[in-house]
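Text of my_file.txt, listed as compact mmCIF, C-alpha atoms:
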# COMPACT_ATOMS: atom_id res chain seq x y z
CA MET B 4 27.28 -57.31 -4.94
CA ASP B 5 24.69 -57.67 -2.25
CA ILE B 6 21.82 -55.26 -2.13
CA SER B 7 19.39 -55.76 0.72
CA ILE B 8 16.16 -53.85 1.03
CA ASN B 9 14.50 -54.28 4.38
CA GLY B 10 11.56 -52.99 6.31
CA ALA B 11 11.74 -51.00 9.51
CA ARG B 12 14.53 -51.69 11.96
CA VAL B 13 13.30 -53.35 15.16
CA TYR B 14 14.62 -51.59 18.25
CA PHE B 15 13.07 -53.76 20.96
CA GLU B 16 10.00 -55.78 21.79
CA ILE B 17 7.33 -55.01 24.35
CA PRO B 18 6.91 -58.36 26.07
CA VAL B 19 3.09 -58.47 26.05
CA PHE B 20 0.68 -60.33 23.75
CA GLY B 21 3.53 -62.48 22.51
CA GLY B 22 5.88 -59.55 21.94
CA ILE B 23 5.08 -56.28 20.14
CA PRO B 24 8.09 -55.15 18.13
CA VAL B 25 8.88 -51.44 18.39
CA THR B 26 10.48 -50.37 15.15
CA ALA B 27 11.93 -47.28 13.52
CA THR B 28 8.41 -46.65 12.18
CA GLN B 29 6.98 -46.01 15.64
CA VAL B 30 9.95 -44.04 16.87
CA ASN B 31 10.15 -41.86 13.78
CA SER B 32 6.36 -41.37 13.73
CA ILE B 33 6.51 -40.01 17.24
CA LEU B 34 9.45 -37.81 16.25
CA VAL B 35 7.44 -36.44 13.32
CA ILE B 36 4.41 -35.81 15.51
CA LEU B 37 6.56 -34.02 18.09
CA LEU B 38 8.13 -31.96 15.30
CA ILE B 39 4.76 -30.99 13.82
CA THR B 40 3.35 -30.24 17.27
CA SER B 41 6.21 -27.94 18.21
CA LEU B 42 5.97 -26.28 14.81
CA CYS B 43 2.23 -25.68 15.35
CA ILE B 44 2.75 -24.33 18.85
CA TRP B 45 5.58 -22.08 17.65
CA LEU B 46 3.49 -20.84 14.71
CA THR B 47 0.38 -20.07 16.71
CA HIS B 48 1.70 -18.71 19.98
CA ASP B 49 0.99 -15.05 20.54
CA LEU B 50 -1.47 -14.64 17.67
CA LYS B 51 -2.79 -11.12 17.17
CA VAL B 52 -5.85 -9.81 15.39
CA ARG B 53 -3.50 -7.51 13.54
CA PRO B 54 -0.64 -9.81 12.60
CA THR B 55 2.78 -8.45 13.45
CA THR B 56 4.90 -11.51 12.64
CA LYS B 57 5.62 -13.50 9.51
CA ARG B 58 5.02 -16.53 11.71
CA GLN B 59 1.35 -15.66 12.04
CA ILE B 60 1.05 -14.97 8.31
CA VAL B 61 2.44 -18.44 7.61
CA ALA B 62 0.09 -20.04 10.15
CA GLU B 63 -2.92 -18.26 8.65
CA TRP B 64 -1.82 -19.11 5.14
CA LEU B 65 -1.55 -22.80 6.01
CA VAL B 66 -4.94 -22.90 7.69
CA GLU B 67 -6.59 -20.97 4.89
CA LYS B 68 -5.05 -23.24 2.25
CA VAL B 69 -6.27 -26.42 3.95
CA THR B 70 -9.66 -24.86 4.63
CA GLY B 71 -9.91 -23.83 1.00
CA LEU B 72 -8.98 -27.35 -0.07
CA VAL B 73 -11.70 -28.85 2.14
CA ASP B 74 -14.25 -26.24 1.03
CA SER B 75 -13.64 -26.81 -2.67
CA ASN B 76 -13.46 -30.62 -2.53
CA MET B 77 -15.98 -31.46 0.18
CA GLY B 78 -18.08 -28.36 0.76
CA VAL B 79 -18.37 -25.86 3.56
CA GLN B 80 -20.48 -28.28 5.67
CA PHE B 81 -17.36 -30.47 6.08
CA ARG B 82 -15.28 -27.78 7.80
CA SER B 83 -14.85 -30.16 10.75
CA PHE B 84 -12.59 -32.27 8.51
CA VAL B 85 -9.99 -29.52 8.24
CA PRO B 86 -7.91 -30.91 11.16
CA LEU B 87 -7.99 -34.43 9.68
CA VAL B 88 -6.90 -33.25 6.26
CA ALA B 89 -4.20 -31.06 7.79
CA ALA B 90 -3.01 -33.98 9.92
CA ILE B 91 -2.87 -36.37 6.94
CA LEU B 92 -1.03 -33.82 4.78
CA SER B 93 1.55 -32.91 7.39
CA LEU B 94 2.07 -36.40 8.80
CA SER B 95 2.43 -38.00 5.38
CA ALA B 96 4.66 -35.32 3.91
CA CYS B 97 6.93 -35.01 6.96
CA SER B 98 7.17 -38.78 7.38
CA SER B 99 8.25 -39.26 3.78
CA LEU B 100 10.61 -36.29 3.96
CA LEU B 101 12.48 -37.99 6.83
CA ALA B 102 14.16 -40.03 4.11
CA LEU B 103 15.99 -36.84 3.12
CA LEU B 104 17.75 -36.94 6.48
CA GLY B 105 18.69 -40.57 5.92
CA MET B 106 16.14 -41.70 8.48
CA TYR B 107 13.61 -44.42 7.94
CA ALA B 108 10.40 -42.97 6.56
CA PRO B 109 7.38 -44.27 8.50
CA THR B 110 5.39 -44.10 5.26
CA ALA B 111 7.72 -46.79 3.84
CA ASP B 112 6.04 -49.10 6.35
CA LEU B 113 2.81 -50.55 4.98
CA ASN B 114 1.35 -50.69 8.50
CA THR B 115 1.41 -46.91 8.79
CA VAL B 116 -0.39 -46.05 5.58
CA LEU B 117 -2.73 -49.03 5.95
CA GLY B 118 -3.70 -47.71 9.37
CA TRP B 119 -4.53 -44.31 7.89
CA ALA B 120 -6.41 -45.89 5.00
CA LEU B 121 -8.44 -48.02 7.40
CA LEU B 122 -9.34 -44.92 9.41
CA VAL B 123 -10.49 -43.21 6.22
CA PHE B 124 -12.39 -46.37 5.25
CA ALA B 125 -14.15 -46.34 8.63
CA LEU B 126 -15.17 -42.72 8.03
CA ILE B 127 -16.39 -43.55 4.50
CA THR B 128 -18.51 -46.43 5.80
CA TYR B 129 -19.83 -44.32 8.69
CA TYR B 130 -20.97 -41.59 6.30
CA LYS B 131 -22.50 -44.09 3.86
CA ILE B 132 -24.56 -45.62 6.66
CA LYS B 133 -25.44 -42.23 8.11
CA THR B 134 -26.60 -40.93 4.72
CA ASN B 135 -28.43 -43.93 3.33
CA GLY B 136 -29.33 -45.86 6.49
CA PHE B 137 -27.95 -49.32 7.24
CA GLY B 138 -30.44 -50.93 4.85
CA GLY B 139 -29.55 -48.46 2.11
CA TYR B 140 -25.87 -49.14 2.72
CA LEU B 141 -26.34 -52.90 2.32
CA LYS B 142 -28.63 -52.40 -0.66
CA SER B 143 -26.03 -50.27 -2.41
CA PHE B 144 -23.91 -53.43 -2.80
CA THR B 145 -26.57 -55.03 -5.00
CA THR B 146 -26.61 -52.26 -7.58
CA PRO B 147 -27.18 -52.27 -10.43
CA ILE B 148 -28.19 -55.97 -10.14
CA VAL B 149 -27.70 -58.63 -7.47
CA VAL B 150 -25.04 -60.39 -9.53
CA PHE B 151 -22.70 -57.46 -8.97
CA THR B 152 -22.65 -57.94 -5.18
CA PRO B 153 -19.24 -59.72 -5.00
CA PHE B 154 -17.68 -57.12 -7.24
CA ASN B 155 -19.15 -54.28 -5.23
CA ILE B 156 -17.79 -55.81 -2.02
CA LEU B 157 -14.40 -56.21 -3.67
CA GLY B 158 -14.55 -52.63 -4.88
CA GLU B 159 -15.39 -51.44 -1.39
CA ILE B 160 -12.50 -53.33 0.17
CA SER B 161 -10.11 -52.22 -2.55
CA THR B 162 -10.56 -48.59 -1.56
CA PRO B 163 -8.36 -48.68 1.58
CA VAL B 164 -6.06 -51.29 0.07
CA SER B 165 -5.39 -49.20 -3.02
CA MET B 166 -4.93 -46.05 -0.96
CA ALA B 167 -2.43 -47.78 1.32
CA PHE B 168 -0.48 -49.53 -1.40
CA ARG B 169 -0.34 -46.45 -3.63
CA HIS B 170 1.28 -44.45 -0.87
CA PHE B 171 3.47 -47.26 0.41
CA GLY B 172 4.53 -48.27 -3.10
CA ASN B 173 5.57 -44.81 -4.12
CA VAL B 174 7.69 -44.22 -1.05
CA VAL B 175 9.26 -47.70 -1.07
CA SER B 176 9.92 -47.65 -4.80
CA GLY B 177 11.78 -44.40 -4.28
CA SER B 178 14.02 -45.88 -1.62
CA VAL B 179 14.48 -49.09 -3.64
CA ILE B 180 15.56 -47.14 -6.70
CA SER B 181 17.79 -44.96 -4.54
CA ALA B 182 19.43 -48.06 -3.06
CA LEU B 183 19.89 -49.59 -6.52
CA VAL B 184 21.35 -46.38 -7.92
CA TYR B 185 23.72 -46.09 -4.98
CA ALA B 186 24.91 -49.67 -5.46
CA ALA B 187 25.25 -49.20 -9.21
CA LEU B 188 27.19 -45.98 -8.79
CA ALA B 189 29.49 -47.66 -6.27
CA ALA B 190 30.16 -50.44 -8.74
CA LEU B 191 30.70 -47.99 -11.60
CA SER B 192 32.96 -45.87 -9.43
CA ASN B 193 34.99 -48.92 -8.54
CA LEU B 194 35.27 -49.80 -12.21
CA VAL B 195 36.40 -46.31 -13.30
CA PHE B 196 38.55 -45.21 -10.37
CA GLY B 197 39.45 -48.61 -8.91
CA TRP B 198 42.97 -48.49 -10.39
CA LEU B 199 43.84 -45.49 -8.16
CA PRO B 200 46.29 -46.52 -5.44
CA GLY B 201 45.31 -47.20 -1.86
CA LEU B 202 42.28 -45.54 -0.22
CA LEU B 203 41.72 -43.23 -3.18
CA GLY B 204 40.52 -46.19 -5.24
CA LYS B 205 37.90 -47.08 -2.67
CA ILE B 206 36.16 -43.64 -2.60
CA PRO B 207 32.92 -43.89 -4.62
CA PHE B 208 33.26 -40.55 -6.41
CA LEU B 209 30.22 -41.09 -8.60
CA GLN B 210 27.97 -41.32 -5.55
CA VAL B 211 28.44 -37.60 -5.05
CA GLY B 212 25.77 -35.42 -6.66
CA ILE B 213 23.90 -37.86 -8.86
CA PRO B 214 21.75 -39.37 -6.05
CA ALA B 215 20.80 -35.86 -4.95
CA VAL B 216 19.00 -35.29 -8.26
CA LEU B 217 17.06 -38.51 -7.79
CA SER B 218 16.38 -37.53 -4.20
CA VAL B 219 14.74 -34.31 -5.32
CA TYR B 220 12.21 -36.34 -7.24
CA PHE B 221 11.73 -39.42 -5.06
CA ASP B 222 11.98 -37.77 -1.67
CA VAL B 223 10.80 -34.19 -2.03
CA PHE B 224 8.43 -34.22 -5.01
CA SER B 225 7.01 -37.70 -4.51
CA SER B 226 6.56 -37.17 -0.77
CA CYS B 227 4.52 -34.03 -1.24
CA ILE B 228 2.53 -35.44 -4.15
CA GLN B 229 1.67 -38.64 -2.27
CA ALA B 230 0.61 -36.67 0.79
CA PHE B 231 -1.57 -34.49 -1.41
CA ILE B 232 -3.07 -37.49 -3.25
CA PHE B 233 -3.86 -39.29 0.01
CA ALA B 234 -5.53 -36.17 1.42
CA MET B 235 -7.45 -35.56 -1.82
CA LEU B 236 -8.72 -39.15 -1.93
CA THR B 237 -9.74 -38.94 1.72
CA MET B 238 -11.77 -35.80 1.05
CA LEU B 239 -13.37 -37.04 -2.16
CA TYR B 240 -14.29 -40.48 -0.79
CA ILE B 241 -15.82 -39.07 2.38
CA ALA B 242 -17.67 -36.32 0.53
CA SER B 243 -19.12 -38.76 -1.99
CA ALA B 244 -20.04 -41.17 0.83
CA ALA B 245 -22.05 -38.37 2.44
CA THR B 246 -23.95 -37.76 -0.80
CA PRO B 247 -27.19 -39.78 -1.02
CA GLU B 248 -27.08 -42.63 -3.55
CA GLU B 249 -29.13 -42.05 -6.66
CA GLU B 250 -31.74 -44.60 -7.49
CA MET T 11 25.04 -56.99 10.34
CA ASN T 12 23.28 -58.35 13.35
CA ARG T 13 20.61 -55.67 13.39
CA GLU T 14 17.12 -57.01 13.18
CA TYR T 15 14.86 -55.67 10.45
CA LEU T 16 11.26 -56.34 9.56
CA GLU T 17 10.39 -57.73 6.17
CA LEU T 18 9.78 -55.10 3.49
CA ILE T 19 6.08 -55.88 3.57
CA SER T 20 4.99 -57.05 6.98
CA LEU T 21 1.64 -56.58 8.61
CA ASP T 22 1.22 -56.17 12.33
CA VAL T 23 -2.07 -55.31 13.97
CA TRP T 24 -0.32 -53.34 16.70
CA HIS T 25 1.59 -51.29 14.21
CA ILE T 26 -1.60 -50.51 12.29
CA ALA T 27 -3.32 -49.55 15.54
CA ALA T 28 -0.36 -47.37 16.46
CA ALA T 29 -0.54 -45.64 13.08
CA ILE T 30 -4.26 -44.95 13.53
CA LEU T 31 -3.66 -43.68 17.06
CA ASN T 32 -0.80 -41.46 15.86
CA LEU T 33 -3.00 -39.95 13.18
CA LEU T 34 -5.85 -39.35 15.63
CA ILE T 35 -3.47 -37.71 18.07
CA LEU T 36 -2.16 -35.47 15.33
CA VAL T 37 -5.73 -34.58 14.31
CA TRP T 38 -6.35 -33.48 17.88
CA ILE T 39 -3.08 -31.56 17.97
CA MET T 40 -3.90 -29.84 14.68
CA LYS T 41 -7.29 -28.84 16.01
CA LYS T 42 -5.93 -27.69 19.35
CA PHE T 43 -2.72 -25.94 18.31
CA LEU T 44 -3.07 -24.83 14.70
CA ILE T 45 -6.54 -24.80 13.17
CA GLY T 46 -8.41 -23.79 16.32
CA PRO T 47 -6.29 -20.80 17.35
CA VAL T 48 -5.94 -19.52 13.79
CA GLN T 49 -9.66 -19.88 13.09
CA LYS T 50 -10.40 -18.08 16.34
CA ILE T 51 -8.13 -15.19 15.40
CA LEU T 52 -9.58 -15.09 11.87
CA ALA T 53 -13.11 -14.97 13.27
CA GLU T 54 -12.07 -12.21 15.66
CA ARG T 55 -10.54 -10.24 12.82
CA GLN T 56 -13.66 -10.78 10.72
CA SER T 57 -15.85 -9.46 13.49
CA GLN T 58 -13.56 -6.46 13.97
CA VAL T 59 -13.63 -5.74 10.27
CA ASP T 60 -17.42 -6.05 10.28
CA THR T 61 -17.59 -3.61 13.18
CA LEU T 62 -15.27 -1.21 11.36
CA TYR T 63 -17.37 -1.41 8.23
CA SER T 64 -20.62 -0.85 10.07
CA ASN T 65 -19.05 2.08 11.97
CA ALA T 66 -17.85 3.56 8.72
CA GLU T 67 -21.31 3.08 7.24
CA THR T 68 -22.88 4.83 10.22
CA ALA T 69 -20.39 7.70 10.01
CA LYS T 70 -21.01 8.02 6.28
CA ASN T 71 -24.77 8.12 6.78
CA ALA T 72 -24.41 10.74 9.52
CA ALA T 73 -22.15 12.85 7.30
CA GLU T 74 -24.62 12.60 4.44
CA ALA T 75 -27.46 13.61 6.72
CA ASP T 76 -25.39 16.60 7.89
CA ARG T 77 -24.68 17.54 4.31
CA ALA T 78 -28.37 17.39 3.44
CA VAL T 79 -29.18 19.67 6.37
CA TYR T 80 -26.40 22.03 5.34
CA GLU T 81 -27.54 22.14 1.73
CA GLU T 82 -31.11 22.77 2.82
CA LYS T 83 -29.91 25.59 5.05
CA MET T 84 -27.87 27.05 2.23
CA ALA T 85 -30.87 26.99 -0.07
CA ASN T 86 -33.01 28.59 2.65
CA ALA T 87 -30.33 31.21 3.28
CA ASP T 88 -30.53 32.25 -0.37
CA LYS T 89 -34.26 32.52 -0.08
CA GLU T 90 -34.02 34.44 3.18
CA ALA T 91 -31.53 36.84 1.69
CA GLU T 92 -33.82 37.42 -1.28
CA GLU T 93 -36.71 38.00 1.11
CA VAL T 94 -34.71 40.48 3.16
CA VAL T 95 -33.68 42.40 0.06
CA ARG T 96 -37.24 42.34 -1.24
CA ARG T 97 -38.65 43.58 2.05
CA ALA T 98 -36.00 46.28 2.28
CA THR T 99 -36.75 47.39 -1.27
CA VAL T 100 -40.46 47.55 -0.57
CA ARG T 101 -39.87 49.51 2.59
CA ALA T 102 -37.48 51.88 0.87
CA ASP T 103 -39.98 52.42 -1.93
CA LYS T 104 -42.68 53.16 0.58
CA ILE T 105 -40.53 55.58 2.51
CA SER T 106 -39.42 57.36 -0.64
CA ASP T 107 -43.06 57.63 -1.77
CA GLU T 108 -44.00 59.04 1.62
CA ILE T 109 -41.17 61.53 1.50
CA LEU T 110 -42.11 62.59 -2.00
CA ALA T 111 -45.77 62.96 -1.07
CA GLU T 112 -44.86 65.00 1.99
CA ALA T 113 -42.62 67.25 -0.05
CA ASN T 114 -45.30 67.75 -2.68
CA ARG T 115 -47.85 68.44 -0.03
CA LYS T 116 -45.60 70.99 1.68
CA ALA T 117 -44.75 72.66 -1.59
CA ALA T 118 -48.40 72.92 -2.53
CA GLU T 119 -49.19 74.36 0.90
CA LYS T 120 -46.47 76.94 0.54
CA LEU T 121 -47.64 77.88 -2.90
CA ARG T 122 -51.18 78.23 -1.71
CA LYS T 123 -50.10 80.36 1.26
CA ALA T 124 -47.94 82.55 -0.95
CA ASP T 125 -50.82 83.08 -3.33
CA ALA T 126 -53.09 84.08 -0.44
CA ASP T 127 -50.43 86.48 0.93
CA ILE T 128 -49.99 88.04 -2.47
CA GLU T 129 -53.75 88.48 -2.84
CA GLN T 130 -54.04 90.03 0.57
CA GLU T 131 -51.08 92.36 -0.03
CA LYS T 132 -52.61 93.32 -3.34
CA LYS T 133 -55.96 94.22 -1.69
CA LYS T 134 -54.15 96.05 1.06
CA ALA T 135 -52.10 97.98 -1.47
CA ILE T 136 -55.16 98.85 -3.49
CA ASN T 137 -56.98 100.09 -0.34
CA GLU T 138 -53.94 102.09 0.69
CA ILE T 139 -53.73 103.59 -2.74
CA LYS T 140 -57.43 104.37 -2.63
CA ASP T 141 -57.05 106.07 0.78
CA GLU T 142 -53.97 107.99 -0.47
CA ILE T 143 -55.72 109.16 -3.57
CA SER T 144 -58.80 110.06 -1.57
CA GLY T 145 -56.66 112.16 0.80
CA MET T 146 -54.81 113.73 -2.07
CA SER T 147 -58.04 114.52 -3.86
CA MET T 148 -59.44 116.22 -0.77
CA ASP T 149 -56.25 118.21 -0.32
CA ILE T 150 -56.38 119.24 -3.98
CA ALA T 151 -60.05 120.12 -3.76
CA GLU T 152 -59.49 122.11 -0.55
CA ALA T 153 -56.75 123.92 -2.26
CA VAL T 154 -58.96 124.56 -5.27
CA VAL T 155 -62.05 125.82 -3.44
CA CYS T 156 -60.06 127.13 -0.55
CA ARG T 157 -62.49 125.95 1.91
CA GLU T 158 -62.92 122.88 3.79
CA ILE T 159 -65.21 120.60 2.20
CA LYS T 160 -67.00 118.34 4.54
CA ALA T 161 -65.97 114.88 3.87
CA SER T 162 -69.44 113.50 4.04
CA ASP T 163 -70.72 116.04 1.51
CA HIS T 164 -68.26 115.29 -1.06
CA GLU T 165 -67.75 111.60 -0.57
CA LYS T 166 -69.82 110.82 -3.56
CA LEU T 167 -68.02 113.37 -5.66
CA ILE T 168 -64.63 111.91 -4.76
CA ASP T 169 -65.65 108.35 -5.47
CA THR T 170 -66.94 109.40 -8.84
CA PHE T 171 -63.69 111.05 -9.49
CA ILE T 172 -61.62 108.03 -8.53
CA ASP T 173 -63.74 105.72 -10.60
CA SER T 174 -63.25 107.92 -13.55
CA LEU T 175 -59.51 107.72 -13.22

Can you dump the structure from the file as structure tokens?
Amino acid sequence: MDISINGARVYFEIPVFGGIPVTATQVNSILVILLITSLCIWLTHDLKVRPTTKRQIVAEWLVEKVTGLVDSNMGVQFRSFVPLVAAILSLSACSSLLALLGMYAPTADLNTVLGWALLVFALITYYKIKTNGFGGYLKSFTTPIVVFTPFNILGEISTPVSMAFRHFGNVVSGSVISALVYAALAALSNLVFGWLPGLLGKIPFLQVGIPAVLSVYFDVFSSCIQAFIFAMLTMLYIASAATPEEE
Amino acid sequence: MNREYLELISLDVWHIAAAILNLLILVWIMKKFLIGPVQKILAERQSQVDTLYSNAETAKNAAEADRAVYEEKMANADKEAEEVVRRATVRADKISDEILAEANRKAAEKLRKADADIEQEKKKAINEIKDEISGMSMDIAEAVVCREIKASDHEKLIDTFIDSL
């Protein structure tokens, strides 16, 4: 039995800078963005002060939920982060949920989540420097004593790395386990029903139903949880970066 | 399988950049098409609600002011009514007193006049009686002496006679 677990499928290469491969990650990311954009436009067209449609109620509920999340985790002064948090939540959740449709989830590509984590890291560093000054930012690496400097630098770098790998790992592990379960069920099916004559013996009966239960956890639950965790970490890291360091 | 796949873990600067760009684009889209419009409509609703509340407050204050005026007027109306009744009572008392006094005065006048009339009638009657008796006495005397007695001669005699009656 041969089980192969690969990364994103490469569709073609843009022949500049030594060839930039365009993979399922990019294509599906754009699909997700288009989907979210059309959903947003559909939800918010024809808004009224007195809502007449369920559409508007849903739109307001979504915005109020995200705003409430930002308010409670970061504070009202960070209201400008509502679009970022909403974007991370929707992009991450929808990307992971693509796996439900049998499509390649862009979040199963380390590049995607690493990109997001690096953006968050840039924001964290920007707010640390803005709050404490560049000198204060550098000095914060030497706390509590100079000897800790390498560890502090490591800790700083590990923030985006851990964020990226947590998300990536959860999505990939889900698809890996799904692939393994599928293969195992095919083998088991062959063992149990293989004696049936002709084509009937080749139908993997056990693959029906059982993977769906796993899919509920790995695709639906895990996707939403990882999106939520990524958004929460983004908010908490940025909010704590904007808080002055205590002496 | 001749499809080409990336390794499970493969890093590519362009793919990372694309992911960052995608996220930034979605942030802008979120702001432009979801958060912005909804926040605008929420703010509009908030301002309308505020206006409604302040209007209601104004109306309530006006109504309370009206009620205060009304209650004051009602209280004054009671007082005014009492005043009217009191004034009317006083006036009625005065008029009744006047009427009574007038009646008493007229009655007293009539009594006094009646008394005077009676007195006068009495004197008149007495004089008439005197004259009558005087005439009668003269007639009797004439008849007795059979001659005419001169009135002046016997005046004294007659008066003495009457007084002795």

Residues of chain T within 12 Å of chain B: nearest atom pair and distance (Å, one decimal) for each, counting all atoms listed in the file, sorted by chain and number, as a Markdown table?
| residue | atom | partner | partner_atom | distance |
| --- | --- | --- | --- | --- |
| T:Met11 | CA | B:Ser7 | CA | 11.2 |
| T:Asn12 | CA | B:Arg12 | CA | 11.1 |
| T:Arg13 | CA | B:Arg12 | CA | 7.4 |
| T:Glu14 | CA | B:Val13 | CA | 5.6 |
| T:Tyr15 | CA | B:Arg12 | CA | 4.3 |
| T:Leu16 | CA | B:Gly10 | CA | 4.7 |
| T:Glu17 | CA | B:Gly10 | CA | 4.9 |
| T:Leu18 | CA | B:Gly10 | CA | 3.9 |
| T:Ile19 | CA | B:Leu113 | CA | 6.4 |
| T:Ser20 | CA | B:Leu113 | CA | 7.1 |
| T:Leu21 | CA | B:Asn114 | CA | 5.9 |
| T:Asp22 | CA | B:Asn114 | CA | 6.7 |
| T:Val23 | CA | B:Asn114 | CA | 7.9 |
| T:Trp24 | CA | B:Ile23 | CA | 7.0 |
| T:His25 | CA | B:Asn114 | CA | 5.7 |
| T:Ile26 | CA | B:Gly118 | CA | 4.6 |
| T:Ala27 | CA | B:Gly118 | CA | 6.4 |
| T:Ala28 | CA | B:Gln29 | CA | 7.5 |
| T:Ala29 | CA | B:Thr115 | CA | 4.9 |
| T:Ile30 | CA | B:Gly118 | CA | 5.0 |
| T:Leu31 | CA | B:Gly118 | CA | 8.7 |
| T:Asn32 | CA | B:Ser32 | CA | 7.5 |
| T:Leu33 | CA | B:Ala90 | CA | 6.8 |
| T:Leu34 | CA | B:Leu87 | CA | 8.0 |
| T:Ile35 | CA | B:Ile36 | CA | 8.5 |
| T:Leu36 | CA | B:Ala90 | CA | 5.7 |
| T:Val37 | CA | B:Leu87 | CA | 5.2 |
| T:Trp38 | CA | B:Pro86 | CA | 7.4 |
| T:Ile39 | CA | B:Thr40 | CA | 6.6 |
| T:Met40 | CA | B:Pro86 | CA | 5.4 |
| T:Lys41 | CA | B:Pro86 | CA | 5.3 |
| T:Lys42 | CA | B:Pro86 | CA | 9.0 |
| T:Phe43 | CA | B:Ile44 | CA | 5.7 |
| T:Leu44 | CA | B:Cys43 | CA | 5.4 |
| T:Ile45 | CA | B:Val66 | CA | 6.0 |
| T:Gly46 | CA | B:Pro86 | CA | 8.8 |
| T:Pro47 | CA | B:Thr47 | CA | 6.7 |
| T:Val48 | CA | B:Glu63 | CA | 6.1 |
| T:Gln49 | CA | B:Val66 | CA | 7.8 |
| T:Lys50 | CA | B:Val52 | CA | 9.5 |
| T:Ile51 | CA | B:Val52 | CA | 5.8 |
| T:Leu52 | CA | B:Val52 | CA | 7.4 |
| T:Ala53 | CA | B:Val52 | CA | 9.2 |
| T:Glu54 | CA | B:Val52 | CA | 6.7 |
| T:Arg55 | CA | B:Val52 | CA | 5.4 |
| T:Gln56 | CA | B:Val52 | CA | 9.2 |
| T:Ser57 | CA | B:Val52 | CA | 10.2 |
| T:Gln58 | CA | B:Val52 | CA | 8.5 |
| T:Val59 | CA | B:Val52 | CA | 10.2 |

| query | How many Å separate CA of Arg169 in chain B from CA of Ala245 in chain B? | reply |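 These two atoms are separated by 23.9 Å.
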
| said: Just to confirm, what's the straight-line distance from CA of Val19 in chain B to CA of Tyr107 in chain B in Å (one decimal)? | reply: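 Straight-line distance from CA of Val19 in chain B to CA of Tyr107 in chain B works out to 25.2 Å.
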
| field | Two-atom distance - CA of Met77 in chain B, CA of Ser98 in chain B (Å) | value |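 A separation of 25.3 Å between them.
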
Output, as AutoDock Vina command-line options, the centre and edge lengths in Å (one decimal) of the axis-aligned box that contains all listed atoms of range 98-107 of chain B with 4 Å of margin on each side.
--center_x 12.9 --center_y -40.4 --center_z 5.8 --size_x 19.5 --size_y 16.1 --size_z 13.4

| request: Give me the residues within 12 Å of Gly158 in chain B as a ChimeraX atom specification, counting only C-alpha atoms and dropping any in the same chain fewer than 6 places off. | output: /B:143-144,151-152,164-165

| message | Using all atoms listed in the file, which protein or nucleic acid residues come within 8 Å of range 132-148 of chain T? Drop anything in the same chain fewer than 3 positions from it, and give the result as number ranges by chain. | response | T: 128-129, 151-152, 159, 168, 172
